[in-house]
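**Student:** Dropping in upload-v9.txt, with compact mmCIF, C-alpha atoms.
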```txt
# COMPACT_ATOMS: atom_id res chain seq x y z
CA MET A 23 -42.61 -22.65 -35.68
CA SER A 24 -45.72 -22.20 -37.80
CA LEU A 25 -49.26 -21.63 -36.62
CA HIS A 26 -49.93 -25.18 -37.72
CA ASP A 27 -47.37 -26.41 -35.21
CA VAL A 28 -48.89 -24.16 -32.60
CA SER A 29 -52.27 -25.74 -33.30
CA LYS A 30 -50.74 -29.13 -32.64
CA SER A 31 -49.22 -27.97 -29.38
CA LEU A 32 -52.56 -26.43 -28.40
CA ARG A 33 -53.63 -29.99 -27.63
CA ASP A 34 -51.21 -29.86 -24.72
CA VAL A 35 -52.86 -26.77 -23.26
CA PRO A 36 -55.24 -27.72 -20.49
CA GLY A 37 -58.85 -26.68 -20.98
CA LEU A 38 -58.36 -24.36 -23.96
CA PRO A 39 -61.76 -23.51 -25.48
CA LEU A 40 -61.56 -24.67 -29.10
CA ALA A 41 -63.67 -23.98 -32.16
CA GLN A 42 -64.93 -26.81 -34.36
CA ASP A 43 -61.86 -26.61 -36.57
CA GLY A 44 -59.52 -26.88 -33.59
CA GLY A 45 -58.47 -23.22 -33.38
CA PRO A 46 -58.79 -21.25 -30.15
CA VAL A 47 -61.97 -19.30 -29.43
CA PHE A 48 -61.83 -15.78 -28.05
CA ALA A 49 -64.59 -13.70 -26.55
CA GLU A 50 -62.71 -10.38 -26.54
CA PRO A 51 -59.67 -8.92 -28.31
CA TRP A 52 -57.41 -8.85 -25.24
CA GLN A 53 -57.79 -12.61 -24.99
CA ALA A 54 -56.53 -13.05 -28.54
CA GLU A 55 -53.68 -10.62 -27.86
CA ALA A 56 -52.63 -12.49 -24.72
CA PHE A 57 -52.80 -15.75 -26.64
CA ALA A 58 -50.79 -14.33 -29.54
CA MET A 59 -48.08 -12.91 -27.26
CA THR A 60 -47.70 -16.29 -25.61
CA VAL A 61 -47.38 -18.02 -28.98
CA ARG A 62 -44.78 -15.47 -30.06
CA LEU A 63 -42.72 -15.75 -26.86
CA HIS A 64 -42.72 -19.50 -27.26
CA GLU A 65 -41.58 -19.14 -30.89
CA ARG A 66 -38.74 -16.96 -29.67
CA GLY A 67 -37.70 -19.69 -27.28
CA VAL A 68 -38.48 -17.70 -24.15
CA PHE A 69 -40.19 -20.76 -22.67
CA SER A 70 -41.11 -24.22 -23.88
CA TRP A 71 -44.71 -25.14 -24.45
CA SER A 72 -44.60 -27.71 -21.66
CA GLU A 73 -43.24 -25.10 -19.22
CA TRP A 74 -46.08 -22.84 -20.28
CA ALA A 75 -48.71 -25.56 -19.88
CA GLU A 76 -47.40 -26.28 -16.40
CA VAL A 77 -47.71 -22.67 -15.22
CA LEU A 78 -51.09 -22.25 -16.90
CA SER A 79 -52.51 -25.37 -15.33
CA GLN A 80 -51.44 -24.16 -11.89
CA GLU A 81 -53.50 -21.03 -12.48
CA LEU A 82 -56.41 -23.00 -13.90
CA TYR A 83 -56.60 -25.35 -10.93
CA ARG A 84 -56.54 -22.66 -8.30
CA PRO A 85 -59.60 -22.68 -6.06
CA GLY A 86 -62.24 -20.04 -6.66
CA ARG A 87 -62.43 -20.15 -10.44
CA CYS A 88 -65.73 -19.46 -12.21
CA ALA A 89 -67.71 -22.68 -12.52
CA ASP A 90 -68.49 -21.98 -16.18
CA GLY A 91 -64.84 -21.46 -17.10
CA SER A 92 -65.50 -17.93 -18.35
CA ASP A 93 -62.37 -16.69 -16.55
CA TYR A 94 -60.10 -18.96 -18.59
CA TYR A 95 -58.20 -16.07 -20.17
CA GLU A 96 -57.94 -14.21 -16.87
CA CYS A 97 -56.03 -17.30 -15.71
CA TRP A 98 -54.05 -17.20 -18.95
CA VAL A 99 -52.95 -13.60 -18.30
CA ALA A 100 -52.11 -14.43 -14.68
CA ALA A 101 -49.99 -17.37 -15.87
CA LEU A 102 -48.25 -15.26 -18.50
CA SER A 103 -47.49 -12.54 -15.94
CA ARG A 104 -46.13 -15.13 -13.53
CA ILE A 105 -43.92 -17.03 -15.98
CA LEU A 106 -42.41 -13.72 -17.19
CA SER A 107 -41.78 -12.68 -13.61
CA GLU A 108 -40.21 -16.06 -12.75
CA LEU A 109 -37.94 -15.76 -15.76
CA SER A 110 -36.97 -12.23 -14.60
CA ILE A 111 -38.26 -10.73 -17.86
CA VAL A 112 -41.09 -8.58 -16.49
CA ARG A 113 -41.10 -7.59 -12.84
CA GLY A 114 -44.43 -7.63 -11.06
CA ASP A 115 -44.21 -4.03 -9.92
CA ASP A 116 -43.27 -2.84 -13.42
CA LEU A 117 -46.31 -4.64 -14.75
CA GLU A 118 -48.59 -3.05 -12.15
CA ARG A 119 -47.21 0.39 -12.98
CA ALA A 120 -47.65 -0.10 -16.73
CA THR A 121 -51.19 -1.45 -16.22
CA LYS A 122 -52.19 1.65 -14.27
CA ALA A 123 -50.55 3.90 -16.86
CA TRP A 124 -52.65 2.29 -19.61
CA GLN A 125 -55.81 2.72 -17.56
CA ARG A 126 -55.08 6.41 -17.03
CA ALA A 127 -54.23 6.78 -20.72
CA ALA A 128 -57.55 5.19 -21.72
CA GLU A 129 -59.54 7.46 -19.43
CA ALA A 130 -57.73 10.54 -20.70
CA THR A 131 -58.34 9.68 -24.36
CA PRO A 132 -61.38 11.30 -25.95
CA HIS A 133 -63.77 9.01 -27.74
CA GLY A 134 -62.85 8.43 -31.35
CA LYS A 135 -59.13 8.83 -30.80
CA PRO A 136 -56.84 5.84 -30.59
CA ILE A 137 -55.73 5.04 -27.08
CA VAL A 138 -51.97 5.44 -26.84
CA LEU A 139 -49.77 5.30 -23.79
CA GLU A 140 -48.59 8.87 -24.37
CA ASN A 141 -52.07 9.98 -23.27
CA ASP A 142 -51.29 8.97 -19.69
CA PRO A 143 -51.55 12.32 -17.88
CA LEU A 144 -48.89 11.25 -15.39
CA GLY A 145 -46.72 10.57 -18.40
CA LYS A 146 -44.42 8.06 -16.79
CA GLY A 147 -45.51 5.44 -19.29
CA ALA A 148 -44.28 1.94 -18.82
CA ALA A 149 -40.65 2.78 -18.38
CA MET B 13 -64.70 -6.34 -13.15
CA HIS B 14 -66.59 -3.95 -15.39
CA ASP B 15 -68.39 -2.18 -12.59
CA HIS B 16 -67.44 1.24 -13.97
CA ASP B 17 -70.00 0.63 -16.66
CA ASN B 18 -72.84 0.52 -14.20
CA HIS B 19 -72.56 4.11 -13.04
CA ASP B 20 -75.14 6.31 -14.62
CA HIS B 21 -72.85 8.99 -15.93
CA HIS B 22 -71.56 9.43 -19.43
CA HIS B 23 -67.97 8.84 -20.31
CA HIS B 24 -66.50 11.27 -22.74
CA GLY B 25 -63.29 9.34 -22.75
CA ASN B 26 -62.64 5.64 -22.70
CA GLU B 27 -61.79 3.03 -20.22
CA PHE B 28 -59.87 -0.18 -20.17
CA SER B 29 -60.89 -3.11 -18.03
CA ASP B 30 -58.16 -4.43 -15.78
CA MET B 31 -57.51 -7.23 -18.27
CA GLN B 32 -57.34 -4.93 -21.30
CA ALA B 33 -54.87 -2.68 -19.49
CA ARG B 34 -52.78 -5.58 -18.19
CA VAL B 35 -52.46 -7.13 -21.64
CA LYS B 36 -51.49 -3.76 -23.15
CA ALA B 37 -48.95 -3.34 -20.33
CA LEU B 38 -47.42 -6.75 -21.07
CA GLU B 39 -47.28 -5.86 -24.74
CA THR B 40 -45.57 -2.53 -24.00
CA LEU B 41 -42.98 -4.07 -21.70
CA LEU B 42 -42.24 -7.02 -24.00
CA THR B 43 -42.02 -4.75 -27.05
CA ALA B 44 -39.57 -2.48 -25.21
CA LYS B 45 -37.41 -5.53 -24.52
CA GLY B 46 -37.53 -6.50 -28.18
CA LEU B 47 -39.21 -9.82 -27.40
CA ILE B 48 -42.36 -9.19 -29.40
CA ASP B 49 -43.37 -7.02 -32.31
CA PRO B 50 -46.95 -5.68 -32.28
CA LYS B 51 -47.22 -6.42 -36.00
CA ALA B 52 -46.45 -10.09 -35.44
CA ILE B 53 -49.07 -10.16 -32.69
CA ASP B 54 -51.64 -8.59 -35.02
CA ALA B 55 -50.85 -11.20 -37.63
CA ILE B 56 -51.51 -14.04 -35.20
CA VAL B 57 -54.72 -12.39 -33.97
CA GLU B 58 -55.86 -11.88 -37.55
CA THR B 59 -55.40 -15.57 -38.22
CA TYR B 60 -57.74 -16.48 -35.42
CA GLU B 61 -60.12 -13.56 -35.42
CA THR B 62 -62.98 -15.22 -37.23
CA LYS B 63 -63.22 -18.03 -34.72
CA ILE B 64 -66.05 -16.74 -32.56
CA GLY B 65 -67.68 -14.49 -35.02
CA PRO B 66 -69.14 -13.29 -37.14
CA ARG B 67 -71.44 -16.29 -37.38
CA ASN B 68 -73.54 -15.07 -34.43
CA GLY B 69 -74.23 -11.80 -36.21
CA ALA B 70 -75.05 -13.62 -39.44
CA ARG B 71 -77.70 -15.61 -37.60
CA VAL B 72 -79.21 -12.38 -36.26
CA VAL B 73 -79.40 -10.97 -39.79
CA ALA B 74 -80.84 -14.18 -41.25
CA LYS B 75 -83.55 -14.27 -38.61
CA ALA B 76 -84.42 -10.63 -39.28
CA TRP B 77 -84.79 -11.43 -42.99
CA ALA B 78 -86.90 -14.52 -42.35
CA ASP B 79 -89.06 -13.30 -39.48
CA ALA B 80 -90.76 -9.90 -39.75
CA GLU B 81 -91.71 -9.89 -36.09
CA PHE B 82 -88.07 -10.44 -35.07
CA ALA B 83 -86.98 -7.71 -37.50
CA GLN B 84 -89.36 -5.27 -35.84
CA TRP B 85 -88.08 -6.26 -32.39
CA LEU B 86 -84.52 -5.77 -33.63
CA LYS B 87 -85.46 -2.27 -34.82
CA ASP B 88 -87.15 -1.39 -31.53
CA ASP B 89 -84.79 -3.00 -29.06
CA ALA B 90 -81.77 -4.64 -30.65
CA THR B 91 -80.14 -5.39 -27.28
CA ALA B 92 -83.07 -7.57 -26.17
CA ALA B 93 -83.70 -9.14 -29.58
CA ILE B 94 -80.06 -10.17 -29.93
CA ALA B 95 -79.90 -11.39 -26.33
CA SER B 96 -82.91 -13.61 -27.05
CA LEU B 97 -80.63 -15.61 -29.35
CA GLY B 98 -78.11 -16.03 -26.55
CA TYR B 99 -75.57 -13.47 -27.75
CA THR B 100 -74.87 -11.08 -24.93
CA GLY B 101 -71.89 -8.83 -24.49
CA ARG B 102 -69.90 -9.26 -21.34
CA GLN B 103 -69.90 -5.57 -20.61
CA GLY B 104 -73.63 -5.10 -20.98
CA GLU B 105 -73.25 -2.74 -23.91
CA HIS B 106 -76.31 -1.64 -25.83
CA MET B 107 -76.80 -2.67 -29.41
CA ARG B 108 -78.58 -0.86 -32.17
CA ALA B 109 -79.42 -2.47 -35.50
CA VAL B 110 -79.31 -0.14 -38.51
CA PHE B 111 -81.13 -1.44 -41.57
CA ASN B 112 -79.87 -0.82 -45.09
CA THR B 113 -82.55 0.29 -47.55
CA PRO B 114 -82.45 1.17 -51.25
CA GLU B 115 -82.17 4.81 -50.11
CA THR B 116 -79.56 4.47 -47.36
CA HIS B 117 -76.47 2.36 -46.82
CA ASN B 118 -75.07 2.20 -43.27
CA LEU B 119 -71.41 2.06 -42.32
CA VAL B 120 -70.00 1.63 -38.81
CA VAL B 121 -66.71 3.10 -37.62
CA CYS B 122 -64.69 3.36 -34.45
CA THR B 123 -60.97 3.37 -33.84
CA LEU B 124 -61.28 1.57 -30.56
CA CYS B 125 -61.54 -2.17 -30.40
CA SER B 126 -63.56 -1.63 -27.22
CA CYS B 127 -66.38 -0.27 -29.36
CA TYR B 128 -67.00 -3.30 -31.52
CA PRO B 129 -69.89 -5.71 -31.00
CA TRP B 130 -67.71 -8.73 -30.21
CA SER B 131 -70.61 -10.83 -29.05
CA VAL B 132 -72.07 -10.88 -32.56
CA LEU B 133 -69.11 -10.09 -34.81
CA GLY B 134 -66.17 -11.71 -33.05
CA LEU B 135 -62.90 -9.80 -33.02
CA PRO B 136 -62.50 -6.61 -35.03
CA PRO B 137 -60.35 -6.82 -38.16
CA VAL B 138 -57.04 -4.95 -38.00
CA TRP B 139 -58.19 -2.34 -40.54
CA TYR B 140 -61.20 -1.47 -38.39
CA LYS B 141 -58.86 -0.50 -35.57
CA ALA B 142 -56.67 1.62 -37.84
CA PRO B 143 -57.10 5.40 -37.30
CA ALA B 144 -57.08 5.89 -41.09
CA TYR B 145 -60.25 3.84 -41.52
CA ARG B 146 -62.30 5.97 -39.18
CA SER B 147 -61.08 9.35 -40.29
CA ARG B 148 -61.39 8.51 -43.99
CA ALA B 149 -64.76 6.78 -43.58
CA VAL B 150 -66.17 9.95 -42.04
CA ILE B 151 -64.78 12.28 -44.71
CA ASP B 152 -65.12 10.12 -47.81
CA PRO B 153 -67.24 7.04 -47.14
CA ARG B 154 -67.86 6.40 -50.83
CA GLY B 155 -64.12 6.36 -51.52
CA VAL B 156 -63.48 3.97 -48.63
CA LEU B 157 -66.24 1.64 -49.83
CA ALA B 158 -64.76 1.72 -53.33
CA GLU B 159 -61.48 0.49 -51.84
CA PHE B 160 -63.41 -2.42 -50.38
CA GLY B 161 -64.73 -3.08 -53.88
CA LEU B 162 -68.20 -1.82 -53.09
CA ALA B 163 -69.75 0.62 -55.58
CA LEU B 164 -73.14 1.81 -54.37
CA PRO B 165 -75.82 3.22 -56.66
CA GLU B 166 -75.39 7.00 -56.98
CA GLY B 167 -78.72 7.79 -55.41
CA GLN B 168 -78.05 5.73 -52.30
CA ALA B 169 -76.98 7.87 -49.36
CA ILE B 170 -74.32 6.62 -46.93
CA ARG B 171 -74.85 7.09 -43.24
CA VAL B 172 -71.81 6.66 -40.99
CA TRP B 173 -72.36 5.55 -37.40
CA ASP B 174 -69.71 6.07 -34.75
CA SER B 175 -69.72 3.27 -32.19
CA THR B 176 -69.18 4.20 -28.58
CA ALA B 177 -68.42 2.20 -25.48
CA GLU B 178 -72.12 2.39 -24.56
CA LEU B 179 -73.73 1.83 -27.95
CA ARG B 180 -72.57 -0.47 -30.71
CA TYR B 181 -74.07 -0.83 -34.15
CA LEU B 182 -74.90 -3.83 -36.28
CA VAL B 183 -75.66 -3.21 -39.94
CA ILE B 184 -78.55 -5.30 -41.30
CA PRO B 185 -77.83 -5.61 -45.02
CA GLU B 186 -80.64 -5.83 -47.55
CA ARG B 187 -81.83 -9.34 -48.27
CA PRO B 188 -80.51 -10.44 -51.66
CA GLU B 189 -82.90 -11.15 -54.52
CA GLY B 190 -83.83 -14.72 -55.27
CA THR B 191 -83.63 -16.00 -51.70
CA GLU B 192 -87.34 -16.71 -51.19
CA GLY B 193 -87.77 -20.03 -49.48
CA PHE B 194 -84.19 -20.08 -48.13
CA SER B 195 -83.79 -21.46 -44.62
CA GLU B 196 -82.24 -19.23 -41.96
CA GLU B 197 -79.08 -21.35 -42.19
CA GLN B 198 -78.87 -20.77 -45.94
CA LEU B 199 -79.52 -17.05 -45.48
CA ALA B 200 -76.83 -16.76 -42.80
CA GLU B 201 -74.28 -18.11 -45.30
CA LEU B 202 -74.82 -14.96 -47.38
CA VAL B 203 -73.90 -12.59 -44.55
CA SER B 204 -70.23 -11.70 -44.14
CA ARG B 205 -68.61 -9.83 -41.28
CA ASP B 206 -67.94 -6.89 -43.58
CA ALA B 207 -71.63 -6.76 -44.57
CA MET B 208 -72.49 -6.23 -40.91
CA ILE B 209 -69.92 -3.42 -40.58
CA GLY B 210 -71.17 -1.94 -43.84
CA THR B 211 -68.04 -2.30 -45.98
CA ALA B 212 -69.83 -4.94 -48.06
CA ILE B 213 -73.35 -6.03 -48.93
CA ALA B 214 -74.88 -9.48 -48.60
CA LEU B 215 -73.65 -12.08 -51.06
CA GLU B 216 -75.77 -13.02 -54.08
CA ALA B 217 -77.73 -16.22 -53.83
CA ALA B 218 -75.75 -18.90 -55.63
```
Represent the structure from my file as structure tokens, please.

**Tutor:**
Amino acid sequence: MSLHDVSKSLRDVPGLPLAQDGGPVFAEPWQAEAFAMTVRLHERGVFSWSEWAEVLSQELYRPGRCADGSDYYECWVAALSRILSELSIVRGDDLERATKAWQRAAEATPHGKPIVLENDPLGKGAA
Amino acid sequence: MHDHDNHDHHHHGNEFSDMQARVKALETLLTAKGLIDPKAIDAIVETYETKIGPRNGARVVAKAWADAEFAQWLKDDATAAIASLGYTGRQGEHMRAVFNTPETHNLVVCTLCSCYPWSVLGLPPVWYKAPAYRSRAVIDPRGVLAEFGLALPEGQAIRVWDSTAELRYLVIPERPEGTEGFSEEQLAELVSRDAMIGTAIALEAA
């Protein structure tokens, strides 16, 4: 599936912020990365776009969201985590462990050096 | 979510927000399972990276060219001047504008995508995040600029600025000749993302 096809299926994504030319708009790199991973997993057939839209919309219509929609990609990441957990691809506790490992790795990395998971002082990484 | 940033101590290292770390964690776990390839992810990001920027930054530059008072404000307090146009970073980072002159060309580096002024430049290009760019830009800036197709006059010094999580730089290129009477919209068209990182200069007026 090409990016062009993805753009077409983007119309089925509830509430996606779009630029004038129809492409998605990102405020920060992690948002683009989360978006790109989702596109890739869909290309690999891990889930259909309608399955994805269903899970995402459940996250988007939860009570307590920011009125201005600025937490759209927080919902996106929550939906991605949940669909991967439901499909038994990424377990929730593995994800929590890997998240904390990356945070420790970032804090242990001196400025000017690339942040890599090996810098996690506890060294357990994501495994 | 970014409440770490409000403490009044200096970080010598880095930090990831919960979302940055979670997305990296997903990427690590999915890569380990062979479901994604970071290169493929980069390629998709690259395709979309110009969507939010760097048009905001180009408008800042165009206004500085057209409005001397704004240019002075930008020199004195770039964070406030840029915020006055509605472009504010979500992490409250400080901005500094560095102005190119005939004597000095400015170039911004940082290996960390967390040290890029997203609010004005959008997402960082893949090469900006590459360790080779930073290390080489510091050692041989003229050589790196040559690879970008930019040959500066011999007498023009190059100053390299290292972005940090607290302070991010925006290069204000020199206004091109022959643009008197241009509107701010016309001027903004001449300002590329790379010109605001310092790996290019403003485009010639058509």

**Student:** Which residues of chain A are close to chain B, meaning at most 6 Å apart when you count all atoms listed in the file, and how do they look as a list in words?

**Tutor:** Val47, Pro51, Trp52, Ala54, Ala58, Ala120, Thr121, Trp124, Gln125, Ala128, Glu129, Thr131, Pro132, His133, Gly134 and Pro136 of chain A

**Student:** For Gly46 (chain B), which of A:Val77, A:Trp71, A:Leu139, A:Ile111 is the closest residue, counting all atoms listed in the file?

**Tutor:**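 So, comparing all the options, the nearest one is A:Ile111.
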
**Student:** Pick from B:Gly193, B:Thr43, B:Ala214, B:Leu97: nearest to Val112 (chain A), with all atoms listed in the file counted?

**Tutor:**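 The answer is B:Thr43, which sits nearest to Val112 (chain A).
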
**Student:** Could you tell me how far CA of Phe69 (chain A) sits from CA of Ser110 (chain A), in Å to one decimal place?

**Tutor:** 12.2 Å

**Student:** Grab the CA of Ile184 (chain B) to CA of Ala74 (chain B) distance for me, in Å with one decimal place.

**Tutor:** 9.2 Å

**Student:** Taking all atoms listed in the file into account, which of A:Glu118, A:Thr60, A:Arg104, A:Glu65 comes nearest Glu81 (chain A)?

**Tutor:** A:Arg104

**Student:** Do you have the CA of Glu115 (chain B)-CA of Trp139 (chain B) distance handy?

**Tutor:**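 These two atoms are separated by 26.8 Å.
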
**Student:** Nearest to Arg187 (chain B): which of B:Val172, B:Ala70, B:Ala93, B:Val120 is it, counting all atoms listed in the file?

**Tutor:** B:Ala70

**Student:** Dump as a PDB file with C-alpha atoms, in the coordinates of the input all residues having an atom at most 6 Å from (-72.4, -11.7, -33.1), computed in the file's coordinates with only C-alpha atoms.

**Tutor:**
```pdb
ATOM      1  CA  GLY B  65     -67.680 -14.490 -35.020  1.00  0.00           C
ATOM      2  CA  PRO B  66     -69.140 -13.290 -37.140  1.00  0.00           C
ATOM      3  CA  ASN B  68     -73.540 -15.070 -34.430  1.00  0.00           C
ATOM      4  CA  GLY B  69     -74.230 -11.800 -36.210  1.00  0.00           C
ATOM      5  CA  SER B 131     -70.610 -10.830 -29.050  1.00  0.00           C
ATOM      6  CA  VAL B 132     -72.070 -10.880 -32.560  1.00  0.00           C
ATOM      7  CA  LEU B 133     -69.110 -10.090 -34.810  1.00  0.00           C
TER       8      LEU B 133
END
```

**Student:** Do you know which residues are at most 10 Å from region 90-96 of chain A counting only C-alpha atoms, after dropping those on the same chain fewer than 2 positions away, and could you put them as a list of chain:residue names?

**Tutor:**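 Listing them by chain and then by number gives A:Gly37, A:Leu38, A:Pro39, A:Phe48, A:Ala49, A:Glu50, A:Trp52, A:Gln53, A:Ala54, A:Ala56, A:Phe57, A:Leu78, A:Glu81, A:Leu82, A:Arg87, A:Cys88, A:Trp98, A:Val99, A:Ala100, A:Ala101, A:Leu102, B:Asp30, B:Met31.
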
**Student:** Of the residues B:Asn112, B:Gln198, B:Thr211, B:Thr91, which is the one nearest to Pro137 (chain B), using only C-alpha atoms?

**Tutor:**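 So, comparing all the options, the nearest one is B:Thr211.
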
**Student:** So that I can see what lies close to Gly190 (chain B), please list as a tab-separated table (two decimals) with C-alpha atoms, in the coordinates of the input the residues with an atom at most 12 Å from it, counting only C-alpha atoms and leaving out residues fewer than 3 positions away in the same chain.

**Tutor:**
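And here's around-v8.tsv as it stands now:
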```tsv
chain	number	residue	atom	x	y	z
B	187	ARG	CA	-81.83	-9.34	-48.27
B	193	GLY	CA	-87.77	-20.03	-49.48
B	194	PHE	CA	-84.19	-20.08	-48.13
B	199	LEU	CA	-79.52	-17.05	-45.48
B	202	LEU	CA	-74.82	-14.96	-47.38
B	215	LEU	CA	-73.65	-12.08	-51.06
B	216	GLU	CA	-75.77	-13.02	-54.08
B	217	ALA	CA	-77.73	-16.22	-53.83
B	218	ALA	CA	-75.75	-18.90	-55.63
```

**Student:** Let me make sure I understand: among B:Arg148, B:Ile213, B:His117, B:Glu197, which one has the smallest atom-to-atom distance to Leu162 (chain B) if we use all atoms listed in the file?

**Tutor:**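 For Leu162 (chain B), the nearest of the given residues is B:Ile213.
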
**Student:** Starting from the sparse input, extend region 129-136 of chain A to all heavy atoms and give the output as a PDB file, keeping the file's coordinate frame.

**Tutor:**
```
ATOM      1  N   GLU A 129     -58.559   6.505 -19.957  1.00  0.00           N
ATOM      2  CA  GLU A 129     -59.540   7.460 -19.430  1.00  0.00           C
ATOM      3  C   GLU A 129     -59.299   8.861 -19.954  1.00  0.00           C
ATOM      4  O   GLU A 129     -60.234   9.648 -20.096  1.00  0.00           O
ATOM      5  CB  GLU A 129     -59.510   7.447 -17.896  1.00  0.00           C
ATOM      6  CG  GLU A 129     -60.295   6.274 -17.337  1.00  0.00           C
ATOM      7  CD  GLU A 129     -59.939   5.959 -15.895  1.00  0.00           C
ATOM      8  OE1 GLU A 129     -59.516   6.888 -15.178  1.00  0.00           O
ATOM      9  OE2 GLU A 129     -60.074   4.778 -15.511  1.00  0.00           O
ATOM     10  N   ALA A 130     -58.051   9.193 -20.239  1.00  0.00           N
ATOM     11  CA  ALA A 130     -57.730  10.540 -20.700  1.00  0.00           C
ATOM     12  C   ALA A 130     -57.893  10.702 -22.208  1.00  0.00           C
ATOM     13  O   ALA A 130     -57.715  11.792 -22.739  1.00  0.00           O
ATOM     14  CB  ALA A 130     -56.279  10.888 -20.308  1.00  0.00           C
ATOM     15  N   THR A 131     -58.242   9.616 -22.905  1.00  0.00           N
ATOM     16  CA  THR A 131     -58.340   9.680 -24.360  1.00  0.00           C
ATOM     17  C   THR A 131     -59.775   9.957 -24.773  1.00  0.00           C
ATOM     18  O   THR A 131     -60.670   9.229 -24.386  1.00  0.00           O
ATOM     19  CB  THR A 131     -57.879   8.334 -24.985  1.00  0.00           C
ATOM     20  OG1 THR A 131     -56.553   8.055 -24.548  1.00  0.00           O
ATOM     21  CG2 THR A 131     -57.927   8.404 -26.506  1.00  0.00           C
ATOM     22  N   PRO A 132     -60.004  11.025 -25.520  1.00  0.00           N
ATOM     23  CA  PRO A 132     -61.380  11.300 -25.950  1.00  0.00           C
ATOM     24  C   PRO A 132     -61.881  10.203 -26.878  1.00  0.00           C
ATOM     25  O   PRO A 132     -61.081   9.570 -27.589  1.00  0.00           O
ATOM     26  CB  PRO A 132     -61.267  12.625 -26.713  1.00  0.00           C
ATOM     27  CG  PRO A 132     -59.851  13.041 -26.680  1.00  0.00           C
ATOM     28  CD  PRO A 132     -59.024  11.951 -26.081  1.00  0.00           C
ATOM     29  N   HIS A 133     -63.190  10.024 -26.873  1.00  0.00           N
ATOM     30  CA  HIS A 133     -63.770   9.010 -27.740  1.00  0.00           C
ATOM     31  C   HIS A 133     -63.421   9.299 -29.198  1.00  0.00           C
ATOM     32  O   HIS A 133     -63.455  10.450 -29.617  1.00  0.00           O
ATOM     33  CB  HIS A 133     -65.276   8.963 -27.592  1.00  0.00           C
ATOM     34  CG  HIS A 133     -65.887   8.047 -28.611  1.00  0.00           C
ATOM     35  ND1 HIS A 133     -65.749   6.688 -28.535  1.00  0.00           N
ATOM     36  CD2 HIS A 133     -66.541   8.301 -29.756  1.00  0.00           C
ATOM     37  CE1 HIS A 133     -66.324   6.142 -29.585  1.00  0.00           C
ATOM     38  NE2 HIS A 133     -66.819   7.100 -30.342  1.00  0.00           N
ATOM     39  N   GLY A 134     -63.128   8.259 -29.938  1.00  0.00           N
ATOM     40  CA  GLY A 134     -62.850   8.430 -31.350  1.00  0.00           C
ATOM     41  C   GLY A 134     -61.381   8.600 -31.659  1.00  0.00           C
ATOM     42  O   GLY A 134     -60.981   8.605 -32.813  1.00  0.00           O
ATOM     43  N   LYS A 135     -60.579   8.748 -30.598  1.00  0.00           N
ATOM     44  CA  LYS A 135     -59.130   8.830 -30.800  1.00  0.00           C
ATOM     45  C   LYS A 135     -58.515   7.514 -30.345  1.00  0.00           C
ATOM     46  O   LYS A 135     -58.981   6.907 -29.392  1.00  0.00           O
ATOM     47  CB  LYS A 135     -58.536   9.965 -29.955  1.00  0.00           C
ATOM     48  CG  LYS A 135     -59.079  11.331 -30.316  1.00  0.00           C
ATOM     49  CD  LYS A 135     -58.306  11.909 -31.493  1.00  0.00           C
ATOM     50  CE  LYS A 135     -58.714  13.334 -31.770  1.00  0.00           C
ATOM     51  NZ  LYS A 135     -59.663  13.459 -32.869  1.00  0.00           N
ATOM     52  N   PRO A 136     -57.474   7.077 -31.033  1.00  0.00           N
ATOM     53  CA  PRO A 136     -56.840   5.840 -30.590  1.00  0.00           C
ATOM     54  C   PRO A 136     -56.201   6.003 -29.213  1.00  0.00           C
ATOM     55  O   PRO A 136     -55.636   7.058 -28.913  1.00  0.00           O
ATOM     56  CB  PRO A 136     -55.758   5.587 -31.654  1.00  0.00           C
ATOM     57  CG  PRO A 136     -55.847   6.683 -32.640  1.00  0.00           C
ATOM     58  CD  PRO A 136     -56.838   7.691 -32.192  1.00  0.00           C
TER      59      PRO A 136
END
```
